Protein chains: 2
Amino acid sequence: MDPSRALNYAREHRPRFVAELKQFLRFPSVSSEPAHSKDIRSCAVWLARHLQNIGLDRVRIIPTRGNPIVYASWLRAAGCPTLIIYGHYDVVSAGPLRAWRTPPFTPTLQNSDLHARGAADDKGQLFAHVKAIESWLSIRHSLPVNVKCIFEGEEEIGGPHLTSFITRNRHTLRADAAVISDTRMLGPGRPAISYAQRGRLRAELKVTGPRHELHSGNFGGAVLSPVQALCEMIALLHDADGHVAVPGFYDDVRQWSEKERLFMRRNGPTDAEVLQDAQVERDWGESEFSLYERTTIRPAVTLNGIVGGHYGSGFKSIIPASATAKVGFRLVPDQEPQKIAQLFRDYIARITPQSVRSSVRTYAPAAPALVDRNDPAIKAAAFAYERGFGSAPAFIRSGGAIPVVNTFQQILGCPAVLMGFGLPDDQIHGPNEKFHLPNFYKAIATSIWYLTAIAKLRNLPRVNRRMESWTE
Amino acid sequence: MDPSRALNYAREHRPRFVAELKQFLRFPSVSSEPAHSKDIRSCAVWLARHLQNIGLDRVRIIPTRGNPIVYASWLRAAGCPTLIIYGHYDVVSAGPLRAWRTPPFTPTLQNSDLHARGAADDKGQLFAHVKAIESWLSIRHSLPVNVKCIFEGEEEIGGPHLTSFITRNRHTLRADAAVISDTRMLGPGRPAISYAQRGRLRAELKVTGPRHELHSGNFGGAVLSPVQALCEMIALLHDADGHVAVPGFYDDVRQWSEKERLFMRRNGPTDAEVLQDAQVERDWGESEFSLYERTTIRPAVTLNGIVGGHYGSGFKSIIPASATAKVGFRLVPDQEPQKIAQLFRDYIARITPQSVRSSVRTYAPAAPALVDRNDPAIKAAAFAYERGFGSAPAFIRSGGAIPVVNTFQQILGCPAVLMGFGLPDDQIHGPNEKFHLPNFYKAIATSIWYLTAIAKLRNLPRVNRRMESWTE
């Protein structure tokens with residue numbers, strides 16, 4: 001089907017599309033904070049109504065034990081391929097408000113950037129597909145392909161209920177490909193398809209000392225502060241060269257061929273670009289690898305947060321009763337999250353000072369994932385990008401985890417196509433998150449093109465499709 | 001003057017005294033939190049009115065650039081000595097409310113303990129002297145000695161304005177001795193006079209990394225987390241044997257004679273008692289010293305708190321922009337706080353990883369202090385304790401800092417008498433702080449006796465009084 005009228009429709013309705021995205025962004029659908037569970041639900045209801053209004057069939061808000069999944073489908077393209085469109089309507093917490101220049105849940109346009117929590121991760125990217133569907137349905141009252149939208153509300157907390165939902169409904173959800181727009185491009189005008197994601201493991205490390213806070217004047221020098229103990233343990237997580245010091249941590253890390261590393265050097269960002277994206281002056285870590293390699297084919301242990309004792313204004317002379325750190329693991333083929341969790345527990349037990357006790361809880365394990373760069377559904381995505389953005393996408397690896405990639409590949413047997421529309425400086429998860437509106441418009445166009453491109457892929461070689469994956 | 005009628009009065013009015021103390025404890029006079037500045041003021045007004053009501057003269061609320069000083073005097077005992085009674089009506093913050101069994105500012109009686117923030121530190125102890133004065137004035141309309149009450153509102157934040165107030169008013173405030181009840185006994189029925197206090201220095205150590213939070217998936221492995229950097233720096237503050245590793249830190253630490261250490265062993269708590277007080281199973285620190293020594297004649301660096309990145313419920317995949325630790329120094333003769341501050345700054349600058357920046361701010365320096373155990377005002381205190389508690393006090397050293405000791409000794413030239421009425425398990429600065437009411441009653445009796453004992457000390461040898469002190 002010729003997309004030109006759908007493209008025209010999308011162009012003409014940009015102001016309304018942006019206004020609707022703002023509505024979507026107003027919901028503080030923070031999945032990590034139970035206080036926001038009502039906002040999550042309101043956001044899901046709004047999204048479902050919106051999908052109904054643009055003409056999708058079978059719109060449902062599917063309850064889970066956690067946050068609901070918003071599902072919608074359009075399956076009238078008989079004999080055509082079926083595409084899953086995945087996104088998530090939940091967001092991470094806004095964090096310290098004083099760091100925001102505009103209120104995180106009052107979407108604000110500055111130049112061509114729409115600022116709000118979730119603007120790029122992932123409401124804006126998800127919404128581009130929704131508006132592409134609307135453009136087709138408004139113009140032709142049909143889509144070039146069958147579509148199944150799965151918009152979850154727990155991505156930012158490790159999606160605890162999505163996998164079981166997909167497993168239970170594997171027949172209903174059969175598809176030829178799944179497109180996921182929750183990644184980023186290399187820069188403005190430089191689209192990218194992510195063909196690899198690191199895995200993940202989250203750990204909470206808690207050190208407990210005295211039964212209750214003690215006066216540090218009375219006991220300082222004779223009782224160990226759990227803060228000090230925790231810091232000393234964290235200091236033992238890395239050696240002086242930035243390698244992870246947990247014994248056995250690197251045992252299963254895959255060595256990549258020189259050919260693959262050359263491909264990465266040619267397609268991925270340079271060290272200077274990574275530093276610029278991060279807005280930091282100095283790198284850190286394994287100096288024998290490029291920064292792109294360190295953040296994609298090398299695993300990492302990152303301290304996400306720490307708290308213990310008195311941390312507000314002023315001072316309090318105490319030896320606190322406990323201290324807690326949040327530790328994030330980024331894993332690569334062929335590391336297994338559960339094995340890494342055990343290595344970490346064993347090491348922590350060994351390095352805990354005798355004067356305190358420690359405990360480790362792990363959460364949200366996700367295996368690393370790879371997608372075949374030569375899959376027809378990926379090639380169709382490259383074509384759509386060329387049309388939508390005017391340039392061919394780079395094939396890159398991502399440092400973050402997108403566990404749903406493994407879910408789609410392993411449970412549904414369909415390739416996961418990671419078409420990112422975010423920019424490196426979108427500050428996802430940070431203050432002043434934004435979505436670049438020109439990217440929103442190009443993303444809609446790209447999605448419009450992608451629906452036609454997928455439609456042309458008849459008889460997709462599902463059985464012989466090469467898939468690589470490292471969960472069982 | 002025979003105190004028996006004053007003692008009887010105090011005994012008869014115990015229920016009212018407790019009810020009044022409860023009123024005093026209801027004010028959340030938290031000096032470290034600007035939000036409580038109104039409560040501080042209300043508390044000062046209440047205290048001043050109370051002093052007026054019991055018959056003290058010249059009651060004044062003296063403004064400072066910070067919290068007001070409540071002053072009251074009674075100077076009609078012509079030819080008699082003058083006693084300063086010092087206390088503080090401010091308290092430390094209540095800290096995590098969930099750790100309290102009863103609301104911190106709703107004083108609650110459980111068995112014989114009155115639970116509230118400030119119950120022991122210092123409102124309850126201060127109030128014992130107030131009730132002793134009331135007992136004398138109600139019975140005889142006069143006191144055995146001249147009295148000057150100085151109740152400050154900034155003790156818990158390092159008393160930034162008290163010293164300048166005393167310096168400016170050194171002639172007005174002339175006195176023969178100053179009694180300070182802001183310390184603790186060795187246990188129930190075991191009173192103690194503190195003849196030494198450690199000095200203090202507070203430092204805030206901040207590490208800054210990326211300009212803003214980064215996604216740890218995208219950058220983990222290539223950008224150093226300030227939390228990790230801060231922990232690694234803190235781990236370098238002590239060596240494996242619990243000694244402080246800041247170069248030069250021990251240079252000025254006084255070596256005490258075997259005779260003094262023997263005196264300490266005979267009079268101070270055993271290791272087992274210190275552990276029991278702290279309710280911890282294992283000690284920590286310099287194994288060549290007893291726990292009592294480690295907390296009195298040995299300096300210490302204690303981590304009071306830490307915060308950085310995401311520390312609430314759930315997880316956030318970030319590399320935070322900064323992390324901050326609160327570090328408390330406990331100093332001993334002849335360490336100088338300003339010199340220690342410089343050594344710390346120099347060391348921190350040296351051990352800061354290249355990928356981050358660090359800054360150090362220091363606060364509330366207080367030199368260590370010593371009081372002559374043989375001063376007549378001290379001996380009078382021992383006599384009063386014997387009468388009030390039925391047993392002679394032990395002479396002990398305190399681990400905490402009471403900067404006002406130096407202020408009284410150096411600026412006013414009068415000995416500071418530290419008569420503590422708290423118990424080791426009063427949990428000052430922690431949750432569920434309490435004051436043991438039998439100690440409140442005995443403290444009132446002890447204060448009643450002390451006023452008569454001081455009255456007998458005519459012609460105090462002010463000029464020849466031996467004083468030891470180590471600030472200039």
# chains A, B, ... in the order shown; residues from 1 in each chain; ligands from 1
>>> residues_around(residues="range 185-189 of chain A", least_positions_apart="3", cutoff="8 Å", atoms="only C-alpha atoms", output="number ranges by chain")
A: 192-193, 269, 389-391, 394, 420-424, 439
>>> write_last_selection(atoms="N, CA and C atoms", output="PDB file, in the first residue's frame")
ATOM      1  N   ALA A 192      19.489   4.101  14.401  1.00  0.00           N
ATOM      2  CA  ALA A 192      20.256   2.916  14.770  1.00  0.00           C
ATOM      3  C   ALA A 192      19.307   1.782  15.106  1.00  0.00           C
ATOM      4  N   ILE A 193      19.711   0.590  14.742  1.00  0.00           N
ATOM      5  CA  ILE A 193      18.974  -0.611  15.144  1.00  0.00           C
ATOM      6  C   ILE A 193      19.871  -1.374  16.103  1.00  0.00           C
ATOM      7  N   PRO A 269      29.727   4.215  18.305  1.00  0.00           N
ATOM      8  CA  PRO A 269      30.272   5.530  18.643  1.00  0.00           C
ATOM      9  C   PRO A 269      31.740   5.445  19.055  1.00  0.00           C
ATOM     10  N   PHE A 389      13.827   8.685   8.033  1.00  0.00           N
ATOM     11  CA  PHE A 389      14.872   9.605   8.522  1.00  0.00           C
ATOM     12  C   PHE A 389      15.805  10.081   7.408  1.00  0.00           C
ATOM     13  N   GLY A 390      15.694   9.445   6.245  1.00  0.00           N
ATOM     14  CA  GLY A 390      16.552   9.866   5.158  1.00  0.00           C
ATOM     15  C   GLY A 390      17.960   9.323   5.254  1.00  0.00           C
ATOM     16  N   SER A 391      18.208   8.402   6.151  1.00  0.00           N
ATOM     17  CA  SER A 391      19.547   7.801   6.201  1.00  0.00           C
ATOM     18  C   SER A 391      19.456   6.376   6.730  1.00  0.00           C
ATOM     19  N   ALA A 394      22.536   2.639  11.577  1.00  0.00           N
ATOM     20  CA  ALA A 394      23.711   1.885  12.018  1.00  0.00           C
ATOM     21  C   ALA A 394      23.225   0.681  12.808  1.00  0.00           C
ATOM     22  N   GLY A 420      15.090   2.337  17.622  1.00  0.00           N
ATOM     23  CA  GLY A 420      15.094   3.406  18.620  1.00  0.00           C
ATOM     24  C   GLY A 420      14.854   4.763  17.992  1.00  0.00           C
ATOM     25  N   PHE A 421      14.121   5.608  18.687  1.00  0.00           N
ATOM     26  CA  PHE A 421      13.871   6.969  18.219  1.00  0.00           C
ATOM     27  C   PHE A 421      14.397   8.020  19.194  1.00  0.00           C
ATOM     28  N   GLY A 422      15.032   7.560  20.313  1.00  0.00           N
ATOM     29  CA  GLY A 422      15.565   8.505  21.293  1.00  0.00           C
ATOM     30  C   GLY A 422      16.913   9.047  20.862  1.00  0.00           C
ATOM     31  N   LEU A 423      17.325  10.120  21.501  1.00  0.00           N
ATOM     32  CA  LEU A 423      18.646  10.678  21.236  1.00  0.00           C
ATOM     33  C   LEU A 423      19.533  10.455  22.460  1.00  0.00           C
ATOM     34  N   PRO A 424      20.838  10.405  22.253  1.00  0.00           N
ATOM     35  CA  PRO A 424      21.727  10.144  23.402  1.00  0.00           C
ATOM     36  C   PRO A 424      21.567  11.158  24.534  1.00  0.00           C
ATOM     37  N   ASN A 439      12.220  14.111  15.888  1.00  0.00           N
ATOM     38  CA  ASN A 439      12.341  12.658  15.921  1.00  0.00           C
ATOM     39  C   ASN A 439      10.972  11.986  16.061  1.00  0.00           C
TER      40      ASN A 439
END
>>> atom_distance(atom1="CA of His310 in chain B", atom2="CA of Gly87 in chain A")
24.3 Å
>>> residues_around(residues="Phe27 in chain A", least_positions_apart="3", cutoff="8 Å", atoms="only C-alpha atoms", output="ChimeraX atom specification")
/A:23-24,39-40,42-43,105
>>> closest_residue(among="A:Gly153, A:Gly220, A:Pro376, A:Pro68", to="chain B", atoms="only C-alpha atoms")
A:Gly220
>>> select_by_dssp(residues="range 162-370 of chain A", states="helix (DSSP H, G or I)", output="NGL selection string")
:A and (162-168 or 216-219 or 226-235 or 258-267 or 271-278 or 291-294 or 337-351)
>>> write_last_selection(atoms="C-alpha atoms", output="mmCIF file, in the first residue's frame")
data_model
loop_
_atom_site.group_PDB
_atom_site.id
_atom_site.type_symbol
_atom_site.label_atom_id
_atom_site.label_comp_id
_atom_site.auth_asym_id
_atom_site.auth_seq_id
_atom_site.Cartn_x
_atom_site.Cartn_y
_atom_site.Cartn_z
ATOM 1 C CA LEU A 162 4.843 -9.697 31.182
ATOM 2 C CA THR A 163 6.675 -12.960 30.572
ATOM 3 C CA SER A 164 3.997 -15.086 32.227
ATOM 4 C CA PHE A 165 1.309 -13.174 30.303
ATOM 5 C CA ILE A 166 3.068 -13.850 27.009
ATOM 6 C CA THR A 167 3.763 -17.461 27.945
ATOM 7 C CA ARG A 168 0.127 -18.086 28.833
ATOM 8 C CA SER A 216 29.159 8.484 67.869
ATOM 9 C CA GLY A 217 30.797 10.480 70.653
ATOM 10 C CA ASN A 218 30.168 7.698 73.124
ATOM 11 C CA PHE A 219 31.048 4.787 70.885
ATOM 12 C CA PRO A 226 27.729 0.113 59.058
ATOM 13 C CA VAL A 227 28.299 2.978 56.603
ATOM 14 C CA GLN A 228 32.043 2.456 56.854
ATOM 15 C CA ALA A 229 31.674 -1.312 56.589
ATOM 16 C CA LEU A 230 29.459 -1.002 53.520
ATOM 17 C CA CYS A 231 31.889 1.418 51.868
ATOM 18 C CA GLU A 232 34.823 -0.888 52.549
ATOM 19 C CA MET A 233 32.915 -3.787 51.009
ATOM 20 C CA ILE A 234 31.940 -1.749 47.953
ATOM 21 C CA ALA A 235 35.566 -0.728 47.546
ATOM 22 C CA GLU A 258 38.379 -9.380 15.720
ATOM 23 C CA LYS A 259 35.859 -9.226 12.863
ATOM 24 C CA GLU A 260 33.000 -8.376 15.202
ATOM 25 C CA ARG A 261 35.115 -5.819 17.047
ATOM 26 C CA LEU A 262 35.993 -4.232 13.720
ATOM 27 C CA PHE A 263 32.287 -4.106 12.820
ATOM 28 C CA MET A 264 31.664 -2.421 16.151
ATOM 29 C CA ARG A 265 34.444 0.118 15.603
ATOM 30 C CA ARG A 266 32.995 0.985 12.198
ATOM 31 C CA ASN A 267 29.379 1.235 13.315
ATOM 32 C CA ASP A 271 35.223 7.150 22.759
ATOM 33 C CA ALA A 272 34.844 10.879 22.260
ATOM 34 C CA GLU A 273 31.206 10.456 21.304
ATOM 35 C CA VAL A 274 30.455 8.322 24.354
ATOM 36 C CA LEU A 275 32.091 10.900 26.614
ATOM 37 C CA GLN A 276 30.149 13.662 24.929
ATOM 38 C CA ASP A 277 26.876 11.759 25.306
ATOM 39 C CA ALA A 278 27.593 11.314 29.000
ATOM 40 C CA LEU A 291 34.116 2.878 25.764
ATOM 41 C CA TYR A 292 31.558 1.435 23.333
ATOM 42 C CA GLU A 293 32.900 -2.037 24.061
ATOM 43 C CA ARG A 294 32.953 -1.414 27.814
ATOM 44 C CA PRO A 337 22.182 -13.792 35.982
ATOM 45 C CA GLN A 338 21.503 -16.478 38.592
ATOM 46 C CA LYS A 339 25.091 -17.671 38.569
ATOM 47 C CA ILE A 340 26.338 -14.095 38.913
ATOM 48 C CA ALA A 341 23.914 -13.567 41.817
ATOM 49 C CA GLN A 342 25.422 -16.554 43.607
ATOM 50 C CA LEU A 343 29.004 -15.411 42.976
ATOM 51 C CA PHE A 344 28.097 -12.008 44.381
ATOM 52 C CA ARG A 345 26.448 -13.471 47.480
ATOM 53 C CA ASP A 346 29.443 -15.706 48.141
ATOM 54 C CA TYR A 347 31.880 -12.833 47.754
ATOM 55 C CA ILE A 348 29.868 -10.480 49.960
ATOM 56 C CA ALA A 349 29.649 -13.130 52.670
ATOM 57 C CA ARG A 350 33.409 -13.488 52.518
ATOM 58 C CA ILE A 351 34.263 -9.764 52.668
#
>>> atom_distance(atom1="CA of Phe440 in chain B", atom2="CA of Ala128 in chain B")
6.2 Å
>>> closest_residue(among="B:Asp252, B:Asp176, B:Asp426, B:Asp372", to="chain A", atoms="only C-alpha atoms")
B:Asp426
>>> atom_distance(atom1="CA of Asp283 in chain B", atom2="CA of Pro365 in chain B")
27.0 Å
>>> residues_around(residues="Thr102 in chain B", least_positions_apart="4", cutoff="9 Å", atoms="only C-alpha atoms", output="mmCIF file with N, CA and C atoms, in the first residue's frame")
data_model
loop_
_atom_site.group_PDB
_atom_site.id
_atom_site.type_symbol
_atom_site.label_atom_id
_atom_site.label_comp_id
_atom_site.auth_asym_id
_atom_site.auth_seq_id
_atom_site.Cartn_x
_atom_site.Cartn_y
_atom_site.Cartn_z
ATOM 1 N N LEU B 97 10.948 7.957 61.778
ATOM 2 C CA LEU B 97 9.833 7.803 62.722
ATOM 3 C C LEU B 97 9.457 6.353 62.945
ATOM 4 N N THR B 106 5.611 13.259 71.580
ATOM 5 C CA THR B 106 4.486 12.991 72.472
ATOM 6 C C THR B 106 5.055 12.191 73.639
ATOM 7 N N PRO B 107 5.528 12.904 74.675
ATOM 8 C CA PRO B 107 6.210 12.205 75.766
ATOM 9 C C PRO B 107 5.313 11.109 76.346
ATOM 10 N N THR B 108 5.866 9.929 76.462
ATOM 11 C CA THR B 108 5.082 8.762 76.877
ATOM 12 C C THR B 108 5.808 8.034 77.993
ATOM 13 N N HIS B 115 9.640 8.530 77.633
ATOM 14 C CA HIS B 115 10.181 8.457 76.278
ATOM 15 C C HIS B 115 9.844 9.721 75.493
ATOM 16 N N ALA B 116 10.842 10.333 74.923
ATOM 17 C CA ALA B 116 10.652 11.477 74.025
ATOM 18 C C ALA B 116 12.038 11.900 73.536
ATOM 19 N N ASN B 432 13.531 6.279 70.272
ATOM 20 C CA ASN B 432 13.073 5.844 71.590
ATOM 21 C C ASN B 432 13.946 6.369 72.728
#
>>> decode(residues="range 168-191 of chain A", atoms="N, CA and C atoms", output="mmCIF file, in the first residue's frame")
data_model
loop_
_atom_site.group_PDB
_atom_site.id
_atom_site.type_symbol
_atom_site.label_atom_id
_atom_site.label_comp_id
_atom_site.auth_asym_id
_atom_site.auth_seq_id
_atom_site.Cartn_x
_atom_site.Cartn_y
_atom_site.Cartn_z
ATOM 1 N N ARG A 168 1.492 -17.551 28.775
ATOM 2 C CA ARG A 168 0.127 -18.086 28.833
ATOM 3 C C ARG A 168 -0.618 -17.872 27.511
ATOM 4 N N ASN A 169 -0.250 -16.787 26.815
ATOM 5 C CA ASN A 169 -1.010 -16.413 25.611
ATOM 6 C C ASN A 169 -0.175 -16.543 24.345
ATOM 7 N N ARG A 170 0.752 -17.511 24.385
ATOM 8 C CA ARG A 170 1.693 -17.623 23.261
ATOM 9 C C ARG A 170 0.973 -17.875 21.944
ATOM 10 N N HIS A 171 -0.157 -18.575 21.960
ATOM 11 C CA HIS A 171 -0.859 -18.844 20.694
ATOM 12 C C HIS A 171 -1.591 -17.599 20.210
ATOM 13 N N THR A 172 -2.277 -16.950 21.129
ATOM 14 C CA THR A 172 -2.973 -15.708 20.780
ATOM 15 C C THR A 172 -2.014 -14.661 20.231
ATOM 16 N N LEU A 173 -0.820 -14.659 20.779
ATOM 17 C CA LEU A 173 0.108 -13.575 20.459
ATOM 18 C C LEU A 173 1.049 -13.904 19.297
ATOM 19 N N ARG A 174 0.819 -15.048 18.652
ATOM 20 C CA ARG A 174 1.680 -15.407 17.509
ATOM 21 C C ARG A 174 1.894 -14.208 16.585
ATOM 22 N N ALA A 175 3.124 -14.061 16.148
ATOM 23 C CA ALA A 175 3.416 -12.925 15.257
ATOM 24 C C ALA A 175 4.651 -13.257 14.437
ATOM 25 N N ASP A 176 4.887 -12.475 13.418
ATOM 26 C CA ASP A 176 6.046 -12.693 12.554
ATOM 27 C C ASP A 176 7.235 -11.854 12.964
ATOM 28 N N ALA A 177 6.958 -10.791 13.673
ATOM 29 C CA ALA A 177 8.033 -9.934 14.162
ATOM 30 C C ALA A 177 7.469 -9.064 15.280
ATOM 31 N N ALA A 178 8.365 -8.594 16.117
ATOM 32 C CA ALA A 178 7.956 -7.667 17.184
ATOM 33 C C ALA A 178 8.844 -6.447 17.090
ATOM 34 N N VAL A 179 8.224 -5.296 17.029
ATOM 35 C CA VAL A 179 9.027 -4.075 16.997
ATOM 36 C C VAL A 179 8.968 -3.417 18.381
ATOM 37 N N ILE A 180 10.133 -3.020 18.835
ATOM 38 C CA ILE A 180 10.273 -2.419 20.159
ATOM 39 C C ILE A 180 10.993 -1.096 19.967
ATOM 40 N N SER A 181 10.348 -0.008 20.344
ATOM 41 C CA SER A 181 11.026 1.288 20.228
ATOM 42 C C SER A 181 11.279 1.818 21.624
ATOM 43 N N ASP A 182 12.395 1.411 22.186
ATOM 44 C CA ASP A 182 12.747 1.799 23.544
ATOM 45 C C ASP A 182 14.264 1.956 23.629
ATOM 46 N N THR A 183 14.856 2.301 22.503
ATOM 47 C CA THR A 183 16.313 2.487 22.457
ATOM 48 C C THR A 183 16.598 3.837 21.799
ATOM 49 N N ARG A 184 17.874 4.084 21.555
ATOM 50 C CA ARG A 184 18.180 5.404 21.035
ATOM 51 C C ARG A 184 19.006 5.335 19.762
ATOM 52 N N MET A 185 19.034 6.426 19.065
ATOM 53 C CA MET A 185 19.830 6.561 17.856
ATOM 54 C C MET A 185 21.233 7.023 18.251
ATOM 55 N N LEU A 186 22.105 7.112 17.295
ATOM 56 C CA LEU A 186 23.469 7.559 17.600
ATOM 57 C C LEU A 186 23.542 9.068 17.740
ATOM 58 N N GLY A 187 22.590 9.753 17.127
ATOM 59 C CA GLY A 187 22.567 11.207 17.178
ATOM 60 C C GLY A 187 21.472 11.688 16.257
ATOM 61 N N PRO A 188 21.232 12.988 16.187
ATOM 62 C CA PRO A 188 20.190 13.497 15.282
ATOM 63 C C PRO A 188 20.505 13.067 13.848
ATOM 64 N N GLY A 189 19.522 12.518 13.163
ATOM 65 C CA GLY A 189 19.736 12.089 11.785
ATOM 66 C C GLY A 189 20.559 10.829 11.646
ATOM 67 N N ARG A 190 20.873 10.199 12.765
ATOM 68 C CA ARG A 190 21.676 8.968 12.707
ATOM 69 C C ARG A 190 20.927 7.821 13.374
ATOM 70 N N PRO A 191 19.936 7.262 12.671
ATOM 71 C CA PRO A 191 19.153 6.179 13.273
ATOM 72 C C PRO A 191 20.001 4.939 13.536
#
